[in-house]
file model28.txt (compact mmCIF, C-alpha atoms)
# COMPACT_ATOMS: atom_id res chain seq x y z
CA MET A 1 289.23 55.04 109.21
CA SER A 2 288.81 55.52 105.50
CA GLN A 3 288.01 52.55 103.27
CA ASN A 4 291.37 52.98 101.53
CA ASN A 5 293.31 52.70 104.77
CA GLN A 6 291.26 49.67 105.82
CA ASP A 7 292.04 47.94 102.53
CA LYS A 8 295.75 48.60 103.00
CA LYS A 9 295.62 47.23 106.54
CA ASN A 10 293.81 44.09 105.39
CA SER A 11 296.31 43.61 102.56
CA ALA A 12 299.26 43.91 104.95
CA ARG A 13 297.63 41.42 107.31
CA GLU A 14 297.09 38.99 104.45
CA ARG A 15 300.69 39.32 103.28
CA LEU A 16 301.93 38.71 106.84
CA GLN A 17 299.72 35.64 107.12
CA ALA A 18 300.91 34.34 103.77
CA GLN A 19 304.52 34.85 104.85
CA ARG A 20 303.90 32.89 108.04
CA VAL A 21 302.34 30.08 106.00
CA LYS A 22 305.42 29.98 103.77
CA GLU A 23 307.76 29.91 106.77
CA LYS A 24 305.82 27.06 108.36
CA ALA A 25 305.93 25.20 105.07
CA ARG A 26 309.71 25.65 104.87
CA GLU A 27 310.11 24.44 108.45
CA ARG A 28 307.94 21.43 107.69
CA ARG A 29 309.98 20.59 104.56
CA SER A 30 313.19 21.01 106.54
CA ARG A 31 311.99 18.55 109.16
CA GLN A 32 310.96 16.14 106.42
CA TRP A 33 314.40 16.35 104.77
CA LYS A 34 316.11 15.67 108.10
CA VAL A 35 313.89 12.70 108.85
CA GLY A 36 314.20 11.49 105.26
CA GLY A 37 317.97 11.85 105.39
CA ALA A 38 318.11 9.81 108.58
CA VAL A 39 315.95 7.12 106.99
CA LEU A 40 318.17 7.07 103.90
CA ALA A 41 321.25 6.74 106.08
CA VAL A 42 319.70 3.78 107.87
CA LEU A 43 318.72 2.22 104.55
CA ALA A 44 322.21 2.79 103.21
CA VAL A 45 323.69 0.98 106.18
CA ALA A 46 321.10 -1.76 105.87
CA GLY A 47 321.73 -1.90 102.15
CA GLY A 48 325.45 -2.21 102.76
CA ILE A 49 324.86 -5.11 105.10
CA GLY A 50 322.55 -6.64 102.51
CA VAL A 51 325.14 -6.35 99.77
CA TRP A 52 327.85 -7.72 102.03
CA ALA A 53 325.68 -10.62 103.08
CA ALA A 54 324.74 -11.29 99.49
CA SER A 55 328.35 -11.37 98.40
CA SER A 56 329.30 -13.50 101.35
CA GLY A 57 326.52 -16.05 101.21
CA ASP A 58 325.14 -17.33 104.50
CA ASP A 59 328.05 -16.16 106.60
CA SER A 60 326.67 -17.28 109.95
CA GLY A 61 329.63 -19.22 111.12
CA GLY A 62 329.89 -18.14 114.73
CA THR A 63 332.79 -16.57 116.57
CA GLY A 64 334.76 -19.59 117.78
CA ALA A 65 338.00 -20.99 116.42
CA VAL A 66 337.82 -21.92 112.76
CA ALA A 67 338.53 -25.56 111.94
CA VAL A 68 341.27 -25.82 109.32
CA PRO A 69 341.63 -28.80 106.93
CA LYS A 70 344.92 -30.68 106.99
CA GLY A 71 347.53 -28.97 104.86
CA ALA A 72 345.40 -25.89 104.20
CA GLN A 73 346.69 -22.37 104.70
CA ASP A 74 344.87 -20.47 107.42
CA SER A 75 345.68 -16.78 107.00
CA ASP A 76 343.90 -13.61 105.95
CA LYS A 77 343.39 -15.42 102.62
CA PRO A 78 342.66 -19.09 103.43
CA ALA A 79 343.74 -21.43 100.68
CA VAL A 80 344.35 -25.03 99.70
CA PRO A 81 347.79 -25.48 98.11
CA VAL A 82 348.35 -28.09 95.42
CA GLY A 83 351.84 -28.89 94.17
CA LYS A 84 355.32 -28.54 95.59
CA LYS A 85 355.88 -25.66 97.96
CA GLU A 86 359.19 -24.73 96.31
CA ALA A 87 357.74 -24.56 92.78
CA PRO A 88 359.05 -21.49 90.92
CA SER A 89 355.57 -20.33 89.84
CA THR A 90 352.31 -19.90 91.73
CA LEU A 91 348.83 -19.99 90.26
CA THR A 92 346.27 -18.24 92.47
CA VAL A 93 342.69 -19.29 91.80
CA TRP A 94 339.55 -17.75 93.32
CA GLU A 95 336.66 -20.04 92.44
CA ASP A 96 333.08 -21.05 93.20
CA PHE A 97 332.03 -24.65 92.58
CA ARG A 98 328.64 -23.48 91.24
CA CYS A 99 330.27 -21.05 88.80
CA PRO A 100 329.94 -22.18 85.13
CA ALA A 101 332.90 -20.01 84.06
CA CYS A 102 335.03 -21.71 86.73
CA ALA A 103 334.12 -25.10 85.30
CA GLN A 104 334.98 -23.86 81.82
CA PHE A 105 338.39 -22.67 82.98
CA GLU A 106 339.09 -25.88 84.90
CA LYS A 107 338.15 -28.15 82.04
CA GLY A 108 340.16 -26.11 79.56
CA PHE A 109 343.34 -25.70 81.61
CA ARG A 110 343.20 -28.70 83.96
CA GLY A 111 345.58 -30.89 81.95
CA ALA A 112 348.20 -28.17 81.70
CA ILE A 113 347.91 -27.27 85.38
CA HIS A 114 348.21 -30.89 86.52
CA GLU A 115 351.19 -31.44 84.26
CA LEU A 116 353.00 -28.41 85.64
CA GLU A 117 352.14 -29.31 89.24
CA ASP A 118 353.37 -32.87 88.80
CA ALA A 119 356.61 -31.59 87.23
CA GLY A 120 357.28 -29.41 90.28
CA GLN A 121 357.09 -26.23 88.22
CA LEU A 122 353.78 -24.89 89.52
CA LYS A 123 352.03 -24.57 92.87
CA SER A 124 348.33 -23.76 92.79
CA ASP A 125 346.60 -21.95 95.65
CA TYR A 126 342.84 -22.47 95.59
CA HIS A 127 340.67 -19.91 97.39
CA LEU A 128 336.98 -20.64 97.74
CA ALA A 129 334.15 -18.16 97.16
CA THR A 130 330.39 -18.50 97.47
CA ILE A 131 329.05 -15.72 95.24
CA ILE A 132 326.60 -17.92 93.33
CA ASP A 133 324.73 -18.71 96.54
CA ALA A 134 324.33 -14.97 97.00
CA GLY A 135 323.32 -14.21 93.44
CA MET A 136 321.13 -17.21 92.65
CA GLY A 137 320.06 -18.29 96.11
CA GLY A 138 320.74 -21.61 97.79
CA LYS A 139 323.69 -23.11 99.66
CA GLY A 140 325.41 -25.29 97.08
CA SER A 141 328.54 -23.15 96.86
CA VAL A 142 329.13 -23.39 100.61
CA THR A 143 328.17 -27.06 100.87
CA ALA A 144 330.34 -28.13 97.94
CA ALA A 145 333.28 -26.08 99.23
CA ASN A 146 332.95 -27.72 102.63
CA ALA A 147 332.92 -31.15 100.96
CA ALA A 148 336.08 -30.20 99.06
CA MET A 149 337.71 -29.30 102.38
CA CYS A 150 336.67 -32.70 103.72
CA ALA A 151 338.42 -34.21 100.71
CA GLN A 152 341.49 -32.11 101.54
CA ASP A 153 341.46 -33.66 104.99
CA ALA A 154 341.69 -37.06 103.32
CA GLY A 155 344.44 -35.93 100.93
CA ARG A 156 342.10 -36.08 97.93
CA PHE A 157 341.35 -32.42 97.25
CA ARG A 158 342.60 -32.24 93.67
CA GLU A 159 340.73 -35.35 92.59
CA TYR A 160 337.45 -34.39 94.26
CA HIS A 161 337.84 -30.81 93.03
CA ASP A 162 337.88 -32.13 89.46
CA VAL A 163 334.93 -34.45 90.09
CA LEU A 164 332.83 -31.54 91.36
CA TYR A 165 333.43 -29.57 88.17
CA ASP A 166 332.82 -32.62 86.00
CA ASN A 167 329.44 -33.03 87.69
CA GLN A 168 328.51 -29.38 88.13
CA PRO A 169 324.74 -28.84 87.83
CA PRO A 170 323.26 -25.93 85.84
CA GLU A 171 323.77 -22.62 87.62
CA GLN A 172 320.05 -22.27 88.36
CA GLN A 173 319.93 -25.67 90.07
CA ASP A 174 321.25 -25.93 93.60
CA ARG A 175 321.97 -29.64 93.55
CA PHE A 176 325.29 -29.19 95.36
CA ALA A 177 323.22 -28.23 98.41
CA ASP A 178 322.26 -31.92 98.59
CA LYS A 179 324.85 -33.48 100.89
CA LYS A 180 323.85 -36.98 99.81
CA TYR A 181 324.80 -36.06 96.25
CA LEU A 182 328.19 -34.72 97.36
CA ILE A 183 328.81 -37.91 99.32
CA GLU A 184 327.78 -39.96 96.30
CA LEU A 185 330.32 -38.10 94.14
CA ALA A 186 333.06 -39.10 96.59
CA GLY A 187 332.66 -42.62 95.23
CA LYS A 188 334.32 -41.42 92.02
CA VAL A 189 337.55 -40.68 93.94
CA PRO A 190 339.53 -43.75 95.04
CA GLY A 191 340.05 -43.83 98.79
CA LEU A 192 337.74 -40.91 99.64
CA ALA A 193 334.30 -42.33 100.36
CA GLY A 194 333.81 -43.56 103.91
CA ASP A 195 332.48 -42.70 107.35
CA ALA A 196 334.98 -39.90 108.01
CA PHE A 197 334.16 -38.06 104.79
CA THR A 198 330.41 -38.61 105.23
CA GLN A 199 330.41 -37.23 108.76
CA CYS A 200 332.57 -34.28 107.76
CA VAL A 201 330.14 -33.34 104.98
CA ASN A 202 327.02 -33.85 107.08
CA ASP A 203 328.44 -31.85 110.00
CA GLY A 204 329.60 -28.99 107.79
CA LYS A 205 332.92 -29.22 109.59
CA TYR A 206 334.72 -26.60 107.49
CA THR A 207 331.83 -24.24 106.77
CA ASP A 208 333.43 -21.46 108.84
CA PHE A 209 336.68 -21.90 106.93
CA VAL A 210 334.72 -21.49 103.68
CA HIS A 211 333.01 -18.35 104.98
CA LYS A 212 336.37 -16.93 106.00
CA SER A 213 337.74 -17.59 102.53
CA ASN A 214 334.74 -15.94 100.89
CA SER A 215 335.12 -12.89 103.13
CA ALA A 216 338.72 -12.68 101.98
CA PHE A 217 337.50 -12.75 98.38
CA THR A 218 335.11 -9.89 99.11
CA ASN A 219 337.97 -7.86 100.58
CA THR A 220 340.20 -8.35 97.53
CA GLY A 221 337.96 -6.20 95.37
CA TYR A 222 337.78 -8.84 92.64
CA ARG A 223 334.37 -8.81 91.04
CA GLY A 224 333.85 -12.36 89.83
CA THR A 225 335.00 -15.94 89.57
CA PRO A 226 337.16 -17.39 88.36
CA THR A 227 339.86 -14.87 89.16
CA VAL A 228 343.18 -16.45 88.18
CA LEU A 229 346.63 -14.97 88.70
CA LEU A 230 349.98 -16.35 87.57
CA ASN A 231 352.78 -15.09 89.78
CA GLY A 232 350.55 -12.19 90.79
CA LYS A 233 349.50 -11.21 87.25
CA ASN A 234 345.79 -11.42 86.50
CA LEU A 235 345.27 -13.71 83.52
CA ALA A 236 342.05 -11.85 82.72
CA ASP A 237 344.31 -9.23 81.16
CA GLU A 238 345.60 -11.83 78.71
CA LYS A 239 343.60 -12.22 75.51
CA ASN A 240 343.06 -15.72 74.14
CA LEU A 241 345.55 -17.38 76.48
CA THR A 242 345.89 -21.08 75.67
CA PRO A 243 346.97 -23.98 77.91
CA ASP A 244 350.17 -24.31 75.87
CA GLN A 245 350.95 -20.63 76.42
CA LEU A 246 350.38 -21.05 80.13
CA LYS A 247 352.80 -23.98 80.19
CA GLN A 248 355.39 -21.99 78.29
CA ARG A 249 355.17 -19.06 80.68
CA VAL A 250 355.60 -21.31 83.68
CA ARG A 251 358.55 -23.08 82.07
CA ASP A 252 360.15 -19.75 81.19
CA ALA A 253 359.73 -18.61 84.78
CA ALA A 254 361.40 -21.82 85.96
CA LYS A 255 364.35 -21.22 83.59
CA ASP A 256 364.73 -17.62 84.75
CA LYS A 257 364.72 -18.69 88.38
CA SER A 258 367.25 -21.42 87.67
CA LYS A 259 369.55 -18.87 85.98
CA ASP A 260 369.24 -16.50 88.93
CA GLN A 261 370.13 -19.29 91.33
CA SER A 262 373.14 -20.27 89.20
CA LYS A 263 374.38 -16.68 89.16
CA GLY A 264 374.01 -16.55 92.92
CA LYS A 265 376.09 -19.70 93.32
CA ASP A 266 378.78 -18.35 90.98
CA LYS A 267 379.02 -15.15 92.98
CA GLY A 268 379.32 -17.17 96.15
CA LYS A 269 382.20 -19.17 94.66
CA ASP A 270 383.98 -15.99 93.59
CA GLN A 271 383.67 -14.54 97.07
CA GLY A 272 384.93 -17.75 98.65
CA THR A 273 387.98 -17.80 96.34
CA GLY A 274 388.80 -14.18 97.07
CA ALA A 275 388.53 -14.62 100.80
CA GLY A 276 390.71 -17.75 100.74
CA HIS A 277 393.35 -16.05 98.66
CA GLY A 278 393.56 -13.11 101.02
CA ALA A 279 393.84 -15.33 104.05
CA GLY A 280 396.56 -17.39 102.37
CA THR A 281 398.52 -14.33 101.36
CA GLY A 282 398.28 -12.95 104.85
CA HIS A 283 399.48 -16.16 106.38
CA GLY A 284 402.57 -16.30 104.12
CA ALA A 285 403.38 -12.60 103.96
CA GLY A 286 403.50 -11.80 107.65
CA ALA A 287 403.15 -8.03 108.04
CA GLY A 288 401.81 -7.67 104.52
CA ALA A 289 398.75 -9.80 105.39
CA GLU A 290 396.54 -6.84 106.21
CA HIS A 291 396.29 -5.47 102.67
CA PRO A 292 395.21 -8.65 100.83
CA GLY A 293 392.88 -9.57 103.67
CA GLY A 294 391.32 -6.14 103.54
CA ALA A 295 390.94 -6.35 99.78
CA ALA A 296 389.18 -9.68 100.06
CA SER A 297 386.74 -8.29 102.65
CA ARG A 298 385.60 -5.63 100.21
CA VAL A 299 384.27 -8.08 97.61
CA PRO A 300 380.67 -6.94 96.94
CA ALA A 301 377.91 -9.02 98.51
CA PRO A 302 375.61 -10.80 96.05
call {"tool": "encode", "arguments": {"input": "model28.txt", "output": "C-alpha cells"}}
result
Amino acid sequence: MSQNNQDKKNSARERLQAQRVKEKARERRSRQWKVGGAVLAVLAVAGGIGVWAASSGDDSGGTGAVAVPKGAQDSDKPAVPVGKKEAPSTLTVWEDFRCPACAQFEKGFRGAIHELEDAGQLKSDYHLATIIDAGMGGKGSVTAANAAMCAQDAGRFREYHDVLYDNQPPEQQDRFADKKYLIELAGKVPGLAGDAFTQCVNDGKYTDFVHKSNSAFTNTGYRGTPTVLLNGKNLADEKNLTPDQLKQRVRDAAKDKSKDQSKGKDKGKDQGTGAGHGAGTGHGAGAGAEHPGGAASRVPAP
C-alpha cells in the first residue's frame, strides 16, 4: 500500500473516531438535559409548595373538623361579620393583624366604619390572613387572629380587633406570638378577660379556622393586605378616598336601595288594585267577568 493511500485511510479512521466522539458527547448532553429537566420539575413543584406554604403561614392544622367561633361564617371564605345582616352595604376586609398598612387603614377609617355599622347602613365581613408570618417569619399573625376569634366567641370581636391594631408591634417584631401579651391586651376590653378567653388563646382553639381563612385569601388572587371592597368594588382603585367619602357612598347606596324597595311596593299595590277590580267586575257582570279578570291577570310582574 502506497504512503498516500495509508494517509487517506488513517484520515478516514480519525474522522470516524471524531464523529463517534461527537455522537457520544451529544448523547451525554441529552441525558444530562433529561436528568436536569427532571430535577427542575421537582424543584418547581417543591418551589410551588414553598411559595404556598410561605403565603399560608404555618398551615399545619390537621384534617379534622374546623372549630368555628360563635357567629362566624364558615364557608369557602370564612369571615367574622360585624353589623346588621340586612345592612344595604357590605365592606369586605382581608387583613393581617401584623400588617402596618392594615393598622393605618383601621385607624383612619375606624370611626366612619363604626358609625355606619351602628346606624345599620353597613355590614363588615372580616377575613383573616397570615402573610406577614410568611414574609417576616414568626407566628404572630396566626396567634393574634386566633385570639381575635376567641374574642368573637365572647361577643367582643370588634373591640378586641381595635385593641390589637392600637397595640400593634413593629412589623419586624413578632410580639403577637406571645400569648401572654394577647391575654394581657384582653384586659383593655370590658368583659373579655377571664378563664375562657385565656384557655382559648393558650389552646389555639381557632387556629385551623384562621388557616382556612388564609387559604381562602391565597385563592382569591389578591396580592396584599389590607384588601378592602365596598359592595364588591375594590377600594384600592379609588384615589385619595376619605372616611367622609366612604360614608357618603354607603349612605347613597342605602338611599338607592330604599328607593328600589319603595318602587317594588308601589308596583305591588298597583297589581293588587288591578286584580281586585277585575274580580269585582266579574262578580257584578256575570258572563262579562272573563274579560276584566283576564285583563287583570296580564298585569306585568315586578
call {"tool": "atom_distance", "arguments": {"input": "model28.txt", "atom1": "atom CA of Gly120 of chain A", "atom2": "atom CA of Lys259 of chain A"}}
result
16.7 Å
call {"tool": "atom_distance", "arguments": {"input": "model28.txt", "atom1": "atom CA of Asp208 of chain A", "atom2": "atom CA of Phe105 of chain A"}}
result
26.4 Å
call {"tool": "residues_around", "arguments": {"input": "model28.txt", "residues": "Leu116 of chain A", "least_positions_apart": "6", "cutoff": "8 Å", "atoms": "all atoms listed in the file", "output": "PyMOL selection string"}}
result
chain A and resi 122+247+250
call {"tool": "residues_around", "arguments": {"input": "model28.txt", "residues": "segment 88-101 of chain A", "least_positions_apart": "5", "cutoff": "9 Å", "atoms": "only C-alpha atoms", "output": "MDAnalysis selection string"}}
result
chainID A and resid 106 113 120:133 140:142 144:145 161 164:165 168:171 174 176 217 224:232 250:251 253:254 257:258
call {"tool": "residues_near_point", "arguments": {"input": "model28.txt", "point": "(325.5, -34.6, 100.8)", "cutoff": "9 Å", "atoms": "only C-alpha atoms", "output": "ChimeraX atom specification"}}
result
/A:143-144,147,176-185,198,201-202
call {"tool": "write_last_selection", "arguments": {"input": "model28.txt", "atoms": "C-alpha atoms", "output": "JSON list (two decimals), keeping the file's coordinate frame"}}
result
[["chain", "number", "residue", "atom", "x", "y", "z"],
["A", 143, "THR", "CA", 328.17, -27.06, 100.87],
["A", 144, "ALA", "CA", 330.34, -28.13, 97.94],
["A", 147, "ALA", "CA", 332.92, -31.15, 100.96],
["A", 176, "PHE", "CA", 325.29, -29.19, 95.36],
["A", 177, "ALA", "CA", 323.22, -28.23, 98.41],
["A", 178, "ASP", "CA", 322.26, -31.92, 98.59],
["A", 179, "LYS", "CA", 324.85, -33.48, 100.89],
["A", 180, "LYS", "CA", 323.85, -36.98, 99.81],
["A", 181, "TYR", "CA", 324.80, -36.06, 96.25],
["A", 182, "LEU", "CA", 328.19, -34.72, 97.36],
["A", 183, "ILE", "CA", 328.81, -37.91, 99.32],
["A", 184, "GLU", "CA", 327.78, -39.96, 96.30],
["A", 185, "LEU", "CA", 330.32, -38.10, 94.14],
["A", 198, "THR", "CA", 330.41, -38.61, 105.23],
["A", 201, "VAL", "CA", 330.14, -33.34, 104.98],
["A", 202, "ASN", "CA", 327.02, -33.85, 107.08]]
call {"tool": "atom_distance", "arguments": {"input": "model28.txt", "atom1": "atom CA of Cys150 of chain A", "atom2": "atom CA of Tyr206 of chain A"}}
result
7.4 Å
call {"tool": "closest_residue", "arguments": {"input": "model28.txt", "among": "A:Gly137, A:Asp74, A:Ala103, A:Glu117", "to": "Glu86 of chain A", "atoms": "only C-alpha atoms"}}
result
A:Glu117
call {"tool": "residues_around", "arguments": {"input": "model28.txt", "residues": "Ala216 of chain A", "least_positions_apart": "3", "cutoff": "12 Å", "atoms": "all atoms listed in the file", "output": "list in words"}}
result
Trp52, Ser55, Ser56, Asp74, Ser75, Asp76, Lys77, Pro78, Ala79, Trp94, His127, Leu128, Ala129, Thr130, Phe209, Val210, His211, Lys212, Ser213, Asn219, Thr220, Gly221 and Tyr222 of chain A
call {"tool": "closest_residue", "arguments": {"input": "model28.txt", "among": "A:Gln248, A:Gly83, A:Cys200, A:Gly138", "to": "Ala119 of chain A", "atoms": "all atoms listed in the file"}}
result
A:Gly83
call {"tool": "residues_around", "arguments": {"input": "model28.txt", "residues": "Arg158 of chain A", "least_positions_apart": "6", "cutoff": "9 Å", "atoms": "all atoms listed in the file", "output": "list of chain:residue names"}}
result
A:Val82, A:Ala148, A:Ala151, A:Gln152
